[in-house]
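The data block below is target_18.txt; it holds compact mmCIF, N, CA, C and O atoms.
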# COMPACT_ATOMS: atom_id res chain seq x y z
N MET L 1 7.54 6.69 8.47
CA MET L 1 6.45 7.07 7.58
C MET L 1 6.95 8.14 6.62
O MET L 1 7.71 9.01 7.00
N LEU L 2 6.51 8.06 5.38
CA LEU L 2 6.93 9.01 4.35
C LEU L 2 5.74 9.89 3.98
O LEU L 2 4.90 9.51 3.17
N PRO L 3 5.66 11.08 4.55
CA PRO L 3 4.47 11.92 4.35
C PRO L 3 4.19 12.31 2.91
O PRO L 3 3.04 12.51 2.54
N ASN L 4 5.20 12.40 2.07
CA ASN L 4 4.97 12.84 0.69
C ASN L 4 4.95 11.71 -0.34
O ASN L 4 4.74 11.96 -1.52
N LEU L 5 5.11 10.49 0.11
CA LEU L 5 5.11 9.37 -0.84
C LEU L 5 3.75 9.22 -1.52
O LEU L 5 3.67 9.12 -2.75
N ARG L 6 2.68 9.23 -0.75
CA ARG L 6 1.34 9.10 -1.34
C ARG L 6 1.06 10.25 -2.31
O ARG L 6 0.54 10.04 -3.41
N LEU L 7 1.41 11.46 -1.92
CA LEU L 7 1.21 12.64 -2.77
C LEU L 7 1.89 12.44 -4.12
O LEU L 7 1.27 12.61 -5.17
N LEU L 8 3.15 12.06 -4.10
CA LEU L 8 3.89 11.87 -5.35
C LEU L 8 3.30 10.73 -6.18
O LEU L 8 3.16 10.84 -7.40
N ARG L 9 2.93 9.66 -5.53
CA ARG L 9 2.36 8.50 -6.23
C ARG L 9 1.04 8.87 -6.89
O ARG L 9 0.78 8.54 -8.05
N GLN L 10 0.19 9.61 -6.15
CA GLN L 10 -1.11 10.00 -6.70
C GLN L 10 -0.96 11.01 -7.83
O GLN L 10 -1.72 10.98 -8.80
N GLU L 11 0.01 11.90 -7.73
CA GLU L 11 0.25 12.85 -8.81
C GLU L 11 0.63 12.14 -10.10
O GLU L 11 0.28 12.59 -11.19
N ARG L 12 1.32 11.04 -9.97
CA ARG L 12 1.72 10.25 -11.15
C ARG L 12 0.66 9.24 -11.55
O ARG L 12 0.82 8.54 -12.54
N ASP L 13 -0.39 9.14 -10.74
CA ASP L 13 -1.48 8.20 -10.98
C ASP L 13 -0.94 6.77 -11.12
O ASP L 13 -1.22 6.06 -12.09
N ILE L 14 -0.16 6.38 -10.12
CA ILE L 14 0.44 5.05 -10.12
C ILE L 14 0.00 4.32 -8.84
O ILE L 14 -0.06 4.92 -7.76
N SER L 15 -0.32 3.07 -8.98
CA SER L 15 -0.78 2.29 -7.83
C SER L 15 0.40 1.93 -6.93
O SER L 15 1.56 1.99 -7.34
N GLN L 16 0.08 1.52 -5.72
CA GLN L 16 1.12 1.06 -4.80
C GLN L 16 1.86 -0.14 -5.40
O GLN L 16 3.08 -0.24 -5.29
N ALA L 17 1.12 -1.03 -6.01
CA ALA L 17 1.72 -2.24 -6.60
C ALA L 17 2.68 -1.88 -7.73
O ALA L 17 3.79 -2.42 -7.80
N LYS L 18 2.26 -0.96 -8.60
CA LYS L 18 3.13 -0.59 -9.73
C LYS L 18 4.37 0.15 -9.24
O LYS L 18 5.46 -0.03 -9.78
N LEU L 19 4.21 1.01 -8.24
CA LEU L 19 5.37 1.68 -7.67
C LEU L 19 6.32 0.66 -7.06
O LEU L 19 7.53 0.72 -7.27
N GLY L 20 5.75 -0.28 -6.31
CA GLY L 20 6.57 -1.33 -5.72
C GLY L 20 7.36 -2.09 -6.77
O GLY L 20 8.57 -2.31 -6.62
N ASP L 21 6.70 -2.48 -7.86
CA ASP L 21 7.38 -3.18 -8.94
C ASP L 21 8.51 -2.34 -9.53
O ASP L 21 9.58 -2.85 -9.83
N ALA L 22 8.27 -1.05 -9.68
CA ALA L 22 9.25 -0.16 -10.31
C ALA L 22 10.51 0.02 -9.47
O ALA L 22 11.59 0.23 -10.02
N VAL L 23 10.37 -0.07 -8.16
CA VAL L 23 11.53 0.17 -7.29
C VAL L 23 11.96 -1.07 -6.50
O VAL L 23 12.78 -0.97 -5.60
N GLY L 24 11.38 -2.22 -6.85
CA GLY L 24 11.81 -3.47 -6.21
C GLY L 24 11.26 -3.70 -4.82
O GLY L 24 11.93 -4.27 -3.96
N LEU L 25 10.02 -3.27 -4.60
CA LEU L 25 9.36 -3.45 -3.30
C LEU L 25 8.00 -4.11 -3.51
O LEU L 25 7.51 -4.18 -4.63
N THR L 26 7.39 -4.53 -2.43
CA THR L 26 6.04 -5.08 -2.52
C THR L 26 5.01 -3.97 -2.32
O THR L 26 5.33 -2.91 -1.77
N GLN L 27 3.79 -4.24 -2.74
CA GLN L 27 2.70 -3.30 -2.50
C GLN L 27 2.52 -3.09 -1.01
O GLN L 27 2.25 -1.98 -0.56
N GLN L 28 2.69 -4.15 -0.25
CA GLN L 28 2.52 -4.06 1.20
C GLN L 28 3.55 -3.11 1.82
O GLN L 28 3.22 -2.35 2.74
N SER L 29 4.78 -3.14 1.32
CA SER L 29 5.81 -2.22 1.83
C SER L 29 5.43 -0.78 1.55
O SER L 29 5.54 0.09 2.43
N ILE L 30 4.98 -0.50 0.32
CA ILE L 30 4.57 0.86 -0.03
C ILE L 30 3.43 1.30 0.88
O ILE L 30 3.43 2.42 1.41
N ASN L 31 2.47 0.41 1.10
CA ASN L 31 1.35 0.72 1.99
C ASN L 31 1.83 1.05 3.39
O ASN L 31 1.35 2.00 4.01
N GLN L 32 2.77 0.29 3.90
CA GLN L 32 3.28 0.54 5.25
C GLN L 32 4.01 1.88 5.32
O GLN L 32 3.90 2.60 6.32
N TYR L 33 4.76 2.23 4.29
CA TYR L 33 5.47 3.51 4.27
C TYR L 33 4.49 4.69 4.23
O TYR L 33 4.75 5.74 4.79
N GLU L 34 3.36 4.49 3.55
CA GLU L 34 2.38 5.57 3.42
C GLU L 34 1.46 5.69 4.63
O GLU L 34 1.05 6.79 4.98
N ASN L 35 1.10 4.58 5.23
CA ASN L 35 0.02 4.60 6.21
C ASN L 35 0.39 4.22 7.65
O ASN L 35 -0.44 4.33 8.54
N HIS L 36 1.59 3.76 7.85
CA HIS L 36 1.98 3.31 9.18
C HIS L 36 3.33 3.91 9.54
O HIS L 36 3.98 4.55 8.72
N SER L 37 3.74 3.72 10.73
CA SER L 37 5.02 4.28 11.19
C SER L 37 6.18 3.37 10.82
O SER L 37 7.03 3.06 11.66
N VAL L 38 6.23 2.96 9.58
CA VAL L 38 7.31 2.12 9.10
C VAL L 38 8.22 2.99 8.24
O VAL L 38 7.76 3.70 7.36
N GLU L 39 9.52 2.93 8.54
CA GLU L 39 10.48 3.74 7.80
C GLU L 39 11.39 2.84 6.98
O GLU L 39 11.94 1.87 7.50
N PRO L 40 11.57 3.17 5.71
CA PRO L 40 12.45 2.36 4.87
C PRO L 40 13.92 2.64 5.17
O PRO L 40 14.26 3.66 5.76
N ASP L 41 14.78 1.74 4.70
CA ASP L 41 16.22 1.98 4.84
C ASP L 41 16.65 3.04 3.83
O ASP L 41 15.90 3.41 2.93
N ILE L 42 17.87 3.52 3.97
CA ILE L 42 18.35 4.62 3.13
C ILE L 42 18.39 4.23 1.65
O ILE L 42 18.08 5.04 0.78
N GLY L 43 18.74 2.99 1.35
CA GLY L 43 18.75 2.55 -0.05
C GLY L 43 17.37 2.64 -0.69
O GLY L 43 17.24 3.06 -1.84
N THR L 44 16.35 2.26 0.06
CA THR L 44 14.97 2.34 -0.43
C THR L 44 14.56 3.80 -0.61
O THR L 44 13.93 4.15 -1.61
N LEU L 45 14.91 4.64 0.35
CA LEU L 45 14.60 6.07 0.22
C LEU L 45 15.22 6.66 -1.04
O LEU L 45 14.57 7.42 -1.77
N ILE L 46 16.45 6.29 -1.32
CA ILE L 46 17.13 6.81 -2.51
C ILE L 46 16.45 6.32 -3.77
O ILE L 46 16.23 7.09 -4.71
N ARG L 47 16.08 5.05 -3.82
CA ARG L 47 15.38 4.51 -5.01
C ARG L 47 14.06 5.23 -5.23
O ARG L 47 13.71 5.58 -6.37
N LEU L 48 13.30 5.46 -4.15
CA LEU L 48 12.02 6.16 -4.28
C LEU L 48 12.23 7.60 -4.74
O LEU L 48 11.53 8.09 -5.63
N ALA L 49 13.20 8.28 -4.15
CA ALA L 49 13.48 9.67 -4.54
C ALA L 49 13.91 9.74 -6.00
O ALA L 49 13.45 10.61 -6.75
N ASP L 50 14.77 8.83 -6.42
CA ASP L 50 15.21 8.80 -7.82
C ASP L 50 14.04 8.53 -8.76
O ASP L 50 13.92 9.16 -9.82
N PHE L 51 13.17 7.62 -8.38
CA PHE L 51 12.01 7.30 -9.22
C PHE L 51 11.14 8.54 -9.45
O PHE L 51 10.69 8.80 -10.56
N PHE L 52 10.92 9.32 -8.40
CA PHE L 52 10.05 10.50 -8.50
C PHE L 52 10.81 11.77 -8.89
O PHE L 52 10.21 12.82 -9.06
N GLY L 53 12.12 11.68 -9.02
CA GLY L 53 12.90 12.87 -9.38
C GLY L 53 12.87 13.93 -8.29
O GLY L 53 12.76 15.12 -8.58
N THR L 54 12.93 13.49 -7.07
CA THR L 54 12.87 14.41 -5.93
C THR L 54 14.01 14.08 -4.98
O THR L 54 14.91 13.30 -5.31
N SER L 55 13.99 14.67 -3.81
CA SER L 55 15.02 14.40 -2.82
C SER L 55 14.47 13.54 -1.70
O SER L 55 13.26 13.49 -1.46
N VAL L 56 15.37 12.89 -1.00
CA VAL L 56 14.99 12.12 0.19
C VAL L 56 14.37 13.07 1.21
O VAL L 56 13.38 12.73 1.87
N ASP L 57 14.92 14.27 1.33
CA ASP L 57 14.39 15.26 2.27
C ASP L 57 12.92 15.56 1.99
O ASP L 57 12.11 15.68 2.92
N PHE L 58 12.53 15.67 0.72
CA PHE L 58 11.13 15.92 0.40
C PHE L 58 10.27 14.70 0.75
O PHE L 58 9.19 14.84 1.32
N LEU L 59 10.75 13.52 0.43
CA LEU L 59 9.99 12.30 0.74
C LEU L 59 9.66 12.19 2.23
O LEU L 59 8.54 11.84 2.60
N VAL L 60 10.62 12.52 3.08
CA VAL L 60 10.41 12.36 4.51
C VAL L 60 9.79 13.59 5.17
O VAL L 60 9.59 13.62 6.38
N GLY L 61 9.48 14.61 4.35
CA GLY L 61 8.80 15.79 4.88
C GLY L 61 9.73 16.79 5.55
O GLY L 61 9.28 17.66 6.29
N HIS L 62 11.02 16.70 5.24
CA HIS L 62 11.99 17.61 5.85
C HIS L 62 12.07 18.95 5.13
O HIS L 62 12.57 19.93 5.66
N THR L 63 11.57 19.01 3.89
CA THR L 63 11.57 20.24 3.10
C THR L 63 10.36 20.25 2.18
O THR L 63 9.80 19.21 1.87
N GLU L 64 9.98 21.44 1.75
CA GLU L 64 8.91 21.59 0.77
C GLU L 64 9.48 21.67 -0.65
O GLU L 64 8.72 21.72 -1.61
N ILE L 65 10.79 21.71 -0.77
CA ILE L 65 11.44 21.81 -2.08
C ILE L 65 11.43 20.42 -2.72
O ILE L 65 12.00 19.48 -2.18
N ARG L 66 10.79 20.32 -3.87
CA ARG L 66 10.61 19.02 -4.50
C ARG L 66 11.79 18.57 -5.33
O ARG L 66 12.04 17.38 -5.46
N ARG L 67 12.50 19.50 -5.93
CA ARG L 67 13.57 19.10 -6.84
C ARG L 67 14.73 18.50 -6.07
O ARG L 67 14.98 18.85 -4.92
N PRO L 68 15.44 17.58 -6.72
CA PRO L 68 16.60 17.01 -6.04
C PRO L 68 17.70 18.06 -5.88
O PRO L 68 17.74 19.04 -6.61
N VAL L 69 18.57 17.82 -4.95
CA VAL L 69 19.69 18.72 -4.74
C VAL L 69 20.61 18.64 -5.95
O VAL L 69 20.94 17.56 -6.42
N GLU L 70 20.99 19.79 -6.46
CA GLU L 70 21.86 19.85 -7.63
C GLU L 70 23.31 19.93 -7.18
O GLU L 70 23.62 20.52 -6.15
N ASN L 71 24.19 19.33 -7.99
CA ASN L 71 25.61 19.47 -7.72
C ASN L 71 26.00 20.93 -7.95
O ASN L 71 25.56 21.54 -8.93
N THR L 72 26.78 21.46 -7.07
CA THR L 72 27.23 22.84 -7.22
C THR L 72 28.75 22.90 -7.12
O THR L 72 29.39 22.00 -6.59
N GLN L 73 29.29 23.97 -7.65
CA GLN L 73 30.71 24.21 -7.54
C GLN L 73 30.91 25.33 -6.52
O GLN L 73 30.26 26.36 -6.60
N PRO L 74 31.81 25.13 -5.59
CA PRO L 74 32.04 26.19 -4.61
C PRO L 74 32.81 27.35 -5.24
O PRO L 74 33.75 27.15 -5.99
N TYR L 75 32.37 28.54 -4.98
CA TYR L 75 33.05 29.75 -5.43
C TYR L 75 33.24 30.66 -4.23
O TYR L 75 32.35 30.81 -3.40
N ASP L 76 34.40 31.26 -4.16
CA ASP L 76 34.67 32.22 -3.11
C ASP L 76 34.33 33.60 -3.69
O ASP L 76 35.13 34.20 -4.41
N LEU L 77 33.12 34.07 -3.43
CA LEU L 77 32.64 35.33 -4.01
C LEU L 77 32.82 36.48 -3.04
O LEU L 77 32.57 36.34 -1.84
N ASN L 78 33.21 37.62 -3.59
CA ASN L 78 33.22 38.81 -2.76
C ASN L 78 31.81 39.41 -2.78
O ASN L 78 30.92 38.92 -3.48
N ALA L 79 31.60 40.48 -2.02
CA ALA L 79 30.26 41.08 -1.89
C ALA L 79 29.72 41.54 -3.24
O ALA L 79 28.54 41.35 -3.54
N ARG L 80 30.56 42.14 -4.06
CA ARG L 80 30.11 42.65 -5.37
C ARG L 80 29.67 41.50 -6.27
O ARG L 80 28.64 41.58 -6.94
N GLU L 81 30.45 40.42 -6.30
CA GLU L 81 30.10 39.27 -7.12
C GLU L 81 28.80 38.63 -6.64
O GLU L 81 27.94 38.25 -7.44
N GLY L 82 28.64 38.53 -5.34
CA GLY L 82 27.41 37.98 -4.79
C GLY L 82 26.20 38.83 -5.15
O GLY L 82 25.13 38.30 -5.48
N MET L 83 26.36 40.16 -5.10
CA MET L 83 25.27 41.07 -5.46
C MET L 83 24.89 40.89 -6.93
O MET L 83 23.71 40.88 -7.28
N LEU L 84 25.90 40.73 -7.80
CA LEU L 84 25.62 40.55 -9.23
C LEU L 84 24.83 39.27 -9.48
O LEU L 84 23.88 39.25 -10.28
N ILE L 85 25.18 38.21 -8.79
CA ILE L 85 24.46 36.95 -8.95
C ILE L 85 23.03 37.10 -8.44
O ILE L 85 22.07 36.65 -9.09
N THR L 86 22.85 37.76 -7.31
CA THR L 86 21.51 37.98 -6.77
C THR L 86 20.65 38.76 -7.76
O THR L 86 19.50 38.40 -8.03
N ARG L 87 21.21 39.81 -8.33
CA ARG L 87 20.47 40.61 -9.31
C ARG L 87 20.18 39.81 -10.58
O ARG L 87 19.09 39.91 -11.15
N TYR L 88 21.16 39.05 -11.04
CA TYR L 88 20.99 38.24 -12.24
C TYR L 88 19.82 37.27 -12.08
O TYR L 88 19.02 37.09 -13.00
N ARG L 89 19.70 36.68 -10.92
CA ARG L 89 18.62 35.72 -10.67
C ARG L 89 17.24 36.36 -10.69
O ARG L 89 16.24 35.68 -10.86
N LEU L 90 17.17 37.67 -10.52
CA LEU L 90 15.89 38.38 -10.55
C LEU L 90 15.45 38.75 -11.97
O LEU L 90 14.31 39.15 -12.18
N LEU L 91 16.35 38.60 -12.93
CA LEU L 91 16.04 38.96 -14.32
C LEU L 91 15.14 37.93 -14.99
O LEU L 91 15.11 36.76 -14.59
N THR L 92 14.43 38.37 -16.02
CA THR L 92 13.67 37.44 -16.85
C THR L 92 14.64 36.65 -17.71
O THR L 92 15.82 37.02 -17.84
N GLU L 93 14.18 35.60 -18.33
CA GLU L 93 15.05 34.81 -19.21
C GLU L 93 15.58 35.64 -20.36
O GLU L 93 16.74 35.52 -20.76
N SER L 94 14.74 36.51 -20.89
CA SER L 94 15.16 37.39 -21.99
C SER L 94 16.27 38.34 -21.53
O SER L 94 17.26 38.56 -22.23
N GLN L 95 16.10 38.90 -20.35
CA GLN L 95 17.12 39.80 -19.81
C GLN L 95 18.42 39.05 -19.53
O GLN L 95 19.51 39.56 -19.79
N LYS L 96 18.30 37.84 -19.01
CA LYS L 96 19.50 37.03 -18.76
C LYS L 96 20.25 36.76 -20.05
O LYS L 96 21.48 36.79 -20.11
N SER L 97 19.50 36.51 -21.14
CA SER L 97 20.11 36.27 -22.43
C SER L 97 20.90 37.49 -22.89
O SER L 97 22.00 37.36 -23.44
N CYS L 98 20.36 38.67 -22.66
CA CYS L 98 21.06 39.92 -23.02
C CYS L 98 22.35 40.06 -22.22
O CYS L 98 23.40 40.40 -22.77
N VAL L 99 22.28 39.80 -20.94
CA VAL L 99 23.48 39.88 -20.09
C VAL L 99 24.52 38.87 -20.55
O VAL L 99 25.72 39.18 -20.64
N ASP L 100 24.09 37.67 -20.87
CA ASP L 100 25.01 36.64 -21.35
C ASP L 100 25.71 37.09 -22.64
O ASP L 100 26.91 36.90 -22.80
N THR L 101 24.95 37.70 -23.54
CA THR L 101 25.52 38.19 -24.80
C THR L 101 26.56 39.28 -24.55
O THR L 101 27.64 39.27 -25.15
N VAL L 102 26.25 40.20 -23.66
CA VAL L 102 27.19 41.27 -23.33
C VAL L 102 28.46 40.68 -22.73
O VAL L 102 29.58 41.05 -23.11
N ALA L 103 28.31 39.75 -21.81
CA ALA L 103 29.47 39.13 -21.17
C ALA L 103 30.34 38.40 -22.21
O ALA L 103 31.57 38.52 -22.20
N GLU L 104 29.71 37.66 -23.11
CA GLU L 104 30.45 36.95 -24.15
C GLU L 104 31.18 37.93 -25.05
O GLU L 104 32.36 37.71 -25.43
N THR L 105 30.53 39.03 -25.41
CA THR L 105 31.13 40.04 -26.27
C THR L 105 32.35 40.66 -25.59
O THR L 105 33.40 40.84 -26.21
N LEU L 106 32.21 40.98 -24.32
CA LEU L 106 33.33 41.58 -23.58
C LEU L 106 34.50 40.61 -23.45
O LEU L 106 35.67 41.00 -23.57
N LEU L 107 34.20 39.35 -23.24
CA LEU L 107 35.26 38.35 -23.10
C LEU L 107 35.96 38.06 -24.42
O LEU L 107 37.14 37.71 -24.44
N ASP L 108 35.25 38.20 -25.53
CA ASP L 108 35.82 37.93 -26.86
C ASP L 108 36.68 39.09 -27.37
O ASP L 108 37.45 38.93 -28.30
N SER L 109 36.52 40.27 -26.77
CA SER L 109 37.26 41.44 -27.31
C SER L 109 38.61 41.61 -26.66
O SER L 109 39.05 40.98 -25.81
Could you express the structure from this file as structure tokens?
Amino acid sequence: MLPNLRLLRQERDISQAKLGDAVGLTQQSINQYENHSVEPDIGTLIRLADFFGTSVDFLVGHTEIRRPVENTQPYDLNAREGMLITRYRLLTESQKSCVDTVAETLLDS
């Protein structure tokens, strides 16, 4: 069963039949995923998550985070670098823009 499938479908105001058509399933399959203990295969989960722009984890109720997982680059940060990133994330967009400008200026000199 997909606890968040109905929520996402209703937010988009799309019927079970239209969702099924969009992802290559029947209305009956969508109904079973929403209302019964029927679980789709991984390929179906991925198609549904892609359609709604969310993650498989959100569809199955494993997380409350709706956005899909973003690709990240691993960085080996020391404590000071980690602190700077933490502080940067607390800034407003305007403040971040100022920091970006200062960093660019320092790198260009």
Practice problem: Please return as JSON, numbers by chain: the residues of chain L that backbone DSSP assigns to helix (DSSP H, G or I). | Solution: {"L": [5, 6, 7, 8, 9, 10, 11, 16, 17, 18, 19, 20, 21, 22, 23, 27, 28, 29, 30, 31, 32, 33, 34, 35, 42, 43, 44, 45, 46, 47, 48, 49, 50, 51, 52, 56, 57, 58, 59, 79, 80, 81, 82, 83, 84, 85, 86, 87, 88, 89, 90, 93, 94, 95, 96, 97, 98, 99, 100, 101, 102, 103, 104, 105, 106, 107, 108]}
Practice problem: Taking (7.1, 18.9, -10.0) in the file's own coordinates, collect the residues within 7 Å, counting all atoms listed in the file, and hand them back as a PyMOL selection string. | Solution: chain L and resi 52-53+66-67
Kindly export the residues of the current selection with N, CA, C and O atoms, as a tab-separated table (two decimals), in the frame of the given file.
chain	number	residue	atom	x	y	z
L	52	PHE	N	10.92	9.32	-8.40
L	52	PHE	CA	10.05	10.50	-8.50
L	52	PHE	C	10.81	11.77	-8.89
L	52	PHE	O	10.21	12.82	-9.06
L	53	GLY	N	12.12	11.68	-9.02
L	53	GLY	CA	12.90	12.87	-9.38
L	53	GLY	C	12.87	13.93	-8.29
L	53	GLY	O	12.76	15.12	-8.58
L	66	ARG	N	10.79	20.32	-3.87
L	66	ARG	CA	10.61	19.02	-4.50
L	66	ARG	C	11.79	18.57	-5.33
L	66	ARG	O	12.04	17.38	-5.46
L	67	ARG	N	12.50	19.50	-5.93
L	67	ARG	CA	13.57	19.10	-6.84
L	67	ARG	C	14.73	18.50	-6.07
L	67	ARG	O	14.98	18.85	-4.92
Practice problem: Do a neighbour search on Ser55 in chain L at 6 Å with all atoms listed in the file, toss out local chain neighbours closer than 3 positions, and write the hits as a ChimeraX atom specification. | Solution: /L:49,58-60,65-69
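These residues, each with an atom at most 12 Å from (-1.0, 9.6, -5.0) using only C-alpha atoms, are Pro3, Asn4, Leu5, Arg6, Leu7, Leu8, Arg9, Gln10, Glu11, Arg12, Asp13, Ile14, Ser15, Gln16, Lys18, Leu19, Ile30, Asn31, Glu34 and Phe52 of chain L.
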Quiz item: Between L:Ala22, L:Gln73, L:Leu84, L:Thr92, which one has atoms that come closest to Phe51 in chain L, using only N, CA, C and O atoms?
Solution: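 Result for the nearest residue to Phe51 in chain L: L:Ala22.
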Quiz prompt | Residue with smallest distance to Val38 in chain L - pool L:Leu25, L:Ala79, L:Val99, L:Leu2, counting only N, CA, C and O atoms | solution = L:Leu2
Quiz prompt | Interatomic distance, CA of Gly82 in chain L to atom O of Glu70 in chain L (Å, one decimal) | solution =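 That distance, rounded to one decimal, is 17.9 Å.
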Quiz item: Distance CA of Asp21 in chain L-atom C of Leu45 in chain L, one decimal place?
Solution: 14.9 Å
Quiz item: Of the candidates L:Ala17, L:Leu77, L:Val23, L:Ala103, which shows the shortest atom-to-atom distance to Arg47 in chain L, using only N, CA, C and O atoms?
Solution: L:Val23
Quiz item: Do you have the CA of Gly20 in chain L-CA of Pro40 in chain L distance handy?
Solution: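 Interatomic distance here is 12.7 Å.
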